[in-house]
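Note sheet for the following structure.
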Amino acid sequence: MPLRQGGVDTDQILPSKFLKLITRTGFEDALFADWRTDPTFVFNNPSYAGASILVAGPNFGIGSSREHAVWALMDYGFKVVVSSQFADIFRGNAGNAGLVAIDVDQKVIDRLLDAVEADPQLAVTVDLEACEISAGDIRSPFHIDDHTRARLLAGLDDIEITLTNVSEIEEFEAKRPSWRPSIHA
Amino acid sequence: MAGTTHAPRTLAQKVWDDHLVVRGEDGNPDLIYIDLHLVHEVTSPQAFDGLRQAGRPVRRLDLTIATEDHNTPTLNIDKRIADETSRIQIETLRANAEEFGLRLHSLGDIEQGIVHVVGPQLGLTMPGITVVCGDSHTSTHGAFGAMAMGIGTSEVEHVLATQTLSLKPFKTMAINVEGTLRPGVTAKDIILAVIAKIGANGGQGYVLEYRGSAIRALSMEGRMTICNMSIEAGARAGMVAPDETTFAYLKGRPHAPEGANWDAAVEYWRTLVTDDGATFDAEVFLDANELEPFVTWGTNPGQGSSLSAVVPSPDDYSDPNERVAVERALEYMDLVPGTRLKEVEVDAVFMGSCTNSRIEDLRQFASIVRGKKKADGVRVMVVPGSMRVRLEAEAEGLDKVFEEFGAEWRFAGCSMCLGMNPDQLAPGERCASTSNRNFEGRQGKGGRTHLVSPLVAAATAIRGKLSSPSDLTVED
């Protein structure tokens with residue numbers, strides 16, 4: 001699915017009125033809900049139905065920290081978002097929730113957008129093992145940080161990983177100065 | 001800390017080092033301790049579900065505090081919340097607080113309010129601590145010299161369970177603002193000018209440290225306004241080194257240290273400055289003497305200019321992506337290139353949000369509208385950041401000033417900053433807003449937002465067009 005626009009903010013990806021849900025799923029109809037009221041918006045083009053890779057303009061996911069934006073993309077069926085630049089919080093949320101967010105040079109993005117717009121059926125492949133994206137005669141390496149990549153491939157529970165350091169956490173807490181904030185003080 | 005010697009470090013590096021639980025090896029992130037976790041109703045329900053499913057408790061209830069803000073109505077707060085999904089979300093927070101043992105300040109409680117107003121007001125936000133919240137405007141707390149970050153719901157769950165976060169060190173950027181602000185120019189104008197200069201993505205990957213004489217001269221409220229909008233430049237956090245202004249603000253607050261603890265704290269806080277000789281990864285300079293009241297004309301916070309300017313033309317931009325973005329923004333905002341910004345008429349003025357809803361902000365707004373009447377046909381809403389701020393304003397008689405002016409004086413919450421409660425713009429309505437985001441539909445579907453300072457909001461409410469106090473005449 002090609003989304004040329006740059007600077008897409010999370011208020012567009014998931015408008016705030018849909019932030020009221022208390023579940024982690026059920027956001028598929030909320031994704032880009034306001035923009036989808038425009039019949040010319042790419043999400044209303046049936047040629048792209050079932051797309052699992054979103055090729056987006058630069059600076060994707062700016063603004064609000066709502067992880068709901070990531071959940072909505074996943075609920076809609078996306079497994080990967082490709083951009084030349086992601087907002088930091090969005091990128092972190094994607095990694096934590098299991099959405100693959102990969103950085104590709106803007107020149108490659110431009111070629112991908114052209115190719116996918118010309119042929120909506122063109123298959124785009126993202127190889128997370130090899131860190132390579134390909135579509136037709138386009139082939140490019142992409143960047144994702146190793147830590148996030150390893151977690152996505154292994155499907156690890158981050159809290160479980162951190163809790164292997166519980167003795168270090170306890171040690172840190174024992175040395176914490178008494179004037180640090182406490183809601184009981 | 002004491003007894004160790006370091007190469008010169010920035011403020012951000014010092015706070016990071018003092019919270020290092022485990023240093024990440026081989027490119028893995030560091031494990032960072034979190035001193036204060038602020039919770040609200042929107043981004044927490046799924047995190048508590050996760051804890052429940054895994055059978056995990058909240059690790060540090062004494063470092064976790066919750067309030068209701070995003071969904072809360074600002075009228076009839078003693079009535080049942082009419083919107084069912086809003087009510088369920090708030091009731092879910094109440095049930096989770098009860099089940100897990102969290103301290104919660106509910107609607108009606110004197111400490112209820114916007115999470116980023118409540119933390120500082122209680123004295124929980126202090127220099128050199130780490131603060132997180134499932135809200136991007138957590139950057140506000142950096143005004144105290146804290147490292148404060150917005151996080152997503154998975155991270156909220158992680159902090160609830162472990163009181164830590166896995167993070168890779170951030171880059172640092174100095175934002176140097178030297179000089180003296182002219183009358184009518186405030187902290188909001190500084191930060192809007194900074195974002196316009198570096199762009200809505202200029203801060204990505206960085207912690208910004210605001211420095212220089214113009215920053216030192218600001219009150220804590222002003223510094224909070226600036227740090228609050230660090231995220232609008234894409235930054236992970238924004239910080240101001242603590243000084244006497246910071247200590248004076250904190251002294252005597254409910255959770256501020258006392259006695260010997262206070263002395264020990266202040267001694268440590270005084271070390272929280274960027275050392276001479278420390279280097280930043282990037283530096284930006286802004287001349288405070290030259291700044292004018294600022295306003296946004298587009299649909300991201302970087303699309304702004306001096307209020308005395310005209311609406312730009314897409315042709316002014318050489319980058320094709322930027323040209324398309326400006327074209328789209330002007331179409332959404334229904335603005336014609338070349339129009340003087342001071343000729344742009346508004347339908348509404350919103351005075352509030354975690355950016356500008358503290359007592360000083362309300363005083364500034366009141367100083368302009370006192371004894372005046374709002375422009376016909378303009379709806380003016382004043383929403384204090386917390387119940388404490390509301391009471392303080394009423395004790396000073398500001399509520400009467402607002403009401404005589406023709407403004408609506410509301411109860412505390414996020415309100416029209418994001419329109420999760422009934423406070424929203426109608427499609428096509430144009431608003432001068434002291435909030436932080438002018439994204440499409442942010443204040444209500446089809447609504448158009450111009451970000452401004454409280455002083456500009458006040459002058460605009462009087463004239464009905466985007467205005468600064470210097471535009472007011474005796475007739476106004």
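Convention: chains lettered A, B, ... in structure tokens order; per-chain residue numbering from 1; ligands numbered from 1 as shown.
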
Polymer residues at most 8 Å from B:Arg388, only C-alpha atoms, same-chain spacing of 6 or more positions, as a list of chain:residue names: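 Close residues of B:Arg388: B:Ile110, B:Glu111, B:Gln112.
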
8 Å contacts from chain A to chain B using only C-alpha atoms, as JSON, numbers by chain: {"A": [5, 6, 9, 11, 12, 15, 16, 17, 19, 20, 21, 22, 23, 24, 34, 59, 62, 63, 64, 65, 66, 67, 87, 88, 89, 92, 93, 96, 97, 146, 147, 158, 159, 162, 163, 165, 168, 169, 172, 178, 179, 180, 181, 182, 183, 184, 185]}

Taking only C-alpha atoms into account, name the residue in A:Val42, A:Val124, A:Ala135, A:Ala72 that is nearest to A:Glu28.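 Closest residue, counting only C-alpha atoms: A:Ala72.
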
Have a look at atom CA of A:Phe27 and atom CA of A:Ala56 and let me know their distance in Å, one decimal.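 A separation of 19.6 Å between them.
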
Between atom CA of B:Thr460 and atom CA of B:Thr473, what is the distance, to one decimal in Å?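 One can read the atom CA of B:Thr460 to atom CA of B:Thr473 distance as 12.7 Å.
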
12 Å contact set for stretch 6-14 of chain B, only C-alpha atoms, chain neighbours under 2 positions out, as a ChimeraX atom specification: /B:1-4,16-20,127-130,142,144-148,169-174,206-211,236-242,268-281

Would you list, as a VMD selection string, the residues of stretch 2-181 of chain A that end up in helix (DSSP H, G or I) under DSSP run on this structure's backbone? chain A and resid 10 to 13 16 to 20 35 to 37 42 to 44 46 to 48 68 to 76 88 to 97 106 to 118 146 to 154 158 to 163 166 to 174

Go ahead and write the residues just picked, C-alpha atoms, as a tab-separated table (two decimals), in the first residue's frame.
chain	number	residue	atom	x	y	z
A	10	THR	CA	-0.56	9.41	15.00
A	11	ASP	CA	-3.70	11.56	15.31
A	12	GLN	CA	-4.32	10.70	11.63
A	13	ILE	CA	-3.32	7.04	11.98
A	16	SER	CA	-8.39	10.37	19.33
A	17	LYS	CA	-12.04	9.42	19.51
A	18	PHE	CA	-10.95	5.80	19.03
A	19	LEU	CA	-8.48	6.01	21.91
A	20	LYS	CA	-11.28	5.24	24.31
A	35	TRP	CA	-8.92	10.20	5.87
A	36	ARG	CA	-10.89	7.12	4.82
A	37	THR	CA	-14.01	9.27	4.52
A	42	VAL	CA	-5.51	5.15	-1.15
A	43	PHE	CA	-7.05	2.92	1.52
A	44	ASN	CA	-10.30	3.08	-0.47
A	46	PRO	CA	-9.70	-1.95	-3.80
A	47	SER	CA	-6.54	-2.80	-5.76
A	48	TYR	CA	-4.61	-2.61	-2.49
A	68	HIS	CA	-3.00	2.27	19.59
A	69	ALA	CA	-1.76	3.64	16.24
A	70	VAL	CA	0.52	0.60	15.90
A	71	TRP	CA	-2.24	-1.77	17.00
A	72	ALA	CA	-4.59	-0.26	14.40
A	73	LEU	CA	-2.05	-0.83	11.61
A	74	MET	CA	-1.63	-4.43	12.76
A	75	ASP	CA	-5.37	-5.01	13.15
A	76	TYR	CA	-5.87	-3.77	9.60
A	88	ASP	CA	11.16	7.74	17.90
A	89	ILE	CA	8.17	6.80	20.06
A	90	PHE	CA	6.32	5.25	17.13
A	91	ARG	CA	9.38	3.18	16.24
A	92	GLY	CA	9.68	1.94	19.84
A	93	ASN	CA	6.00	1.12	20.04
A	94	ALA	CA	6.16	-0.80	16.76
A	95	GLY	CA	9.03	-2.95	18.01
A	96	ASN	CA	7.28	-3.62	21.29
A	97	ALA	CA	3.96	-4.55	19.71
A	106	GLN	CA	14.13	7.99	0.51
A	107	LYS	CA	15.35	7.38	-3.05
A	108	VAL	CA	14.36	3.73	-2.69
A	109	ILE	CA	11.04	4.75	-1.11
A	110	ASP	CA	10.34	6.96	-4.12
A	111	ARG	CA	11.06	4.06	-6.48
A	112	LEU	CA	8.91	1.69	-4.41
A	113	LEU	CA	6.02	4.17	-4.40
A	114	ASP	CA	6.27	4.63	-8.17
A	115	ALA	CA	6.39	0.89	-8.75
A	116	VAL	CA	3.53	0.01	-6.43
A	117	GLU	CA	1.36	2.83	-7.77
A	118	ALA	CA	2.02	1.65	-11.34
A	146	ASP	CA	19.74	-5.45	15.86
A	147	HIS	CA	18.11	-5.59	19.25
A	148	THR	CA	14.62	-4.93	17.84
A	149	ARG	CA	15.22	-7.33	14.96
A	150	ALA	CA	16.27	-10.11	17.32
A	151	ARG	CA	13.21	-9.56	19.51
A	152	LEU	CA	10.87	-9.55	16.50
A	153	LEU	CA	12.38	-12.75	15.14
A	154	ALA	CA	12.31	-14.54	18.48
A	158	ASP	CA	10.53	-7.96	27.19
A	159	ILE	CA	9.37	-7.98	30.79
A	160	GLU	CA	10.63	-11.53	31.23
A	161	ILE	CA	14.02	-10.47	29.85
A	162	THR	CA	14.23	-7.49	32.22
A	163	LEU	CA	13.22	-9.57	35.21
A	166	VAL	CA	15.92	-8.36	39.17
A	167	SER	CA	18.90	-8.57	41.54
A	168	GLU	CA	20.54	-5.61	39.80
A	169	ILE	CA	17.25	-3.69	40.08
A	170	GLU	CA	17.06	-4.48	43.80
A	171	GLU	CA	20.66	-3.45	44.28
A	172	PHE	CA	19.96	-0.13	42.54
A	173	GLU	CA	16.87	0.45	44.67
A	174	ALA	CA	18.82	-0.20	47.89

Any idea what's packed within 7 Å of stretch 380-382 of chain B, counting only C-alpha atoms, ignoring anything in its chain fewer than 4 positions away? Could you give it as a VMD selection string? chain B and resid 348 to 352 407 to 410 461

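Taking only C-alpha atoms into account, B:Met416 lies nearest to B:Ser353 out of the set B:Ser353, B:Asn438, B:Ser453, B:Ser306.
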
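We find atom CA of B:Glu360 and atom CA of B:Ser219 to be spaced 8.9 Å apart.
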
Considering only C-alpha atoms, can you say which of B:Ala97, B:Ile34, B:Cys417, B:Val131 comes closest to A:Arg176?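 Of B:Ala97, B:Ile34, B:Cys417, B:Val131, the one nearest A:Arg176 is B:Ile34, counting only C-alpha atoms.
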
Per DSSP on the backbone, filter stretch 13-95 of chain A down to the residues in strand (DSSP E) and report them as a PyMOL selection string. chain A and resi 53-56+80-83
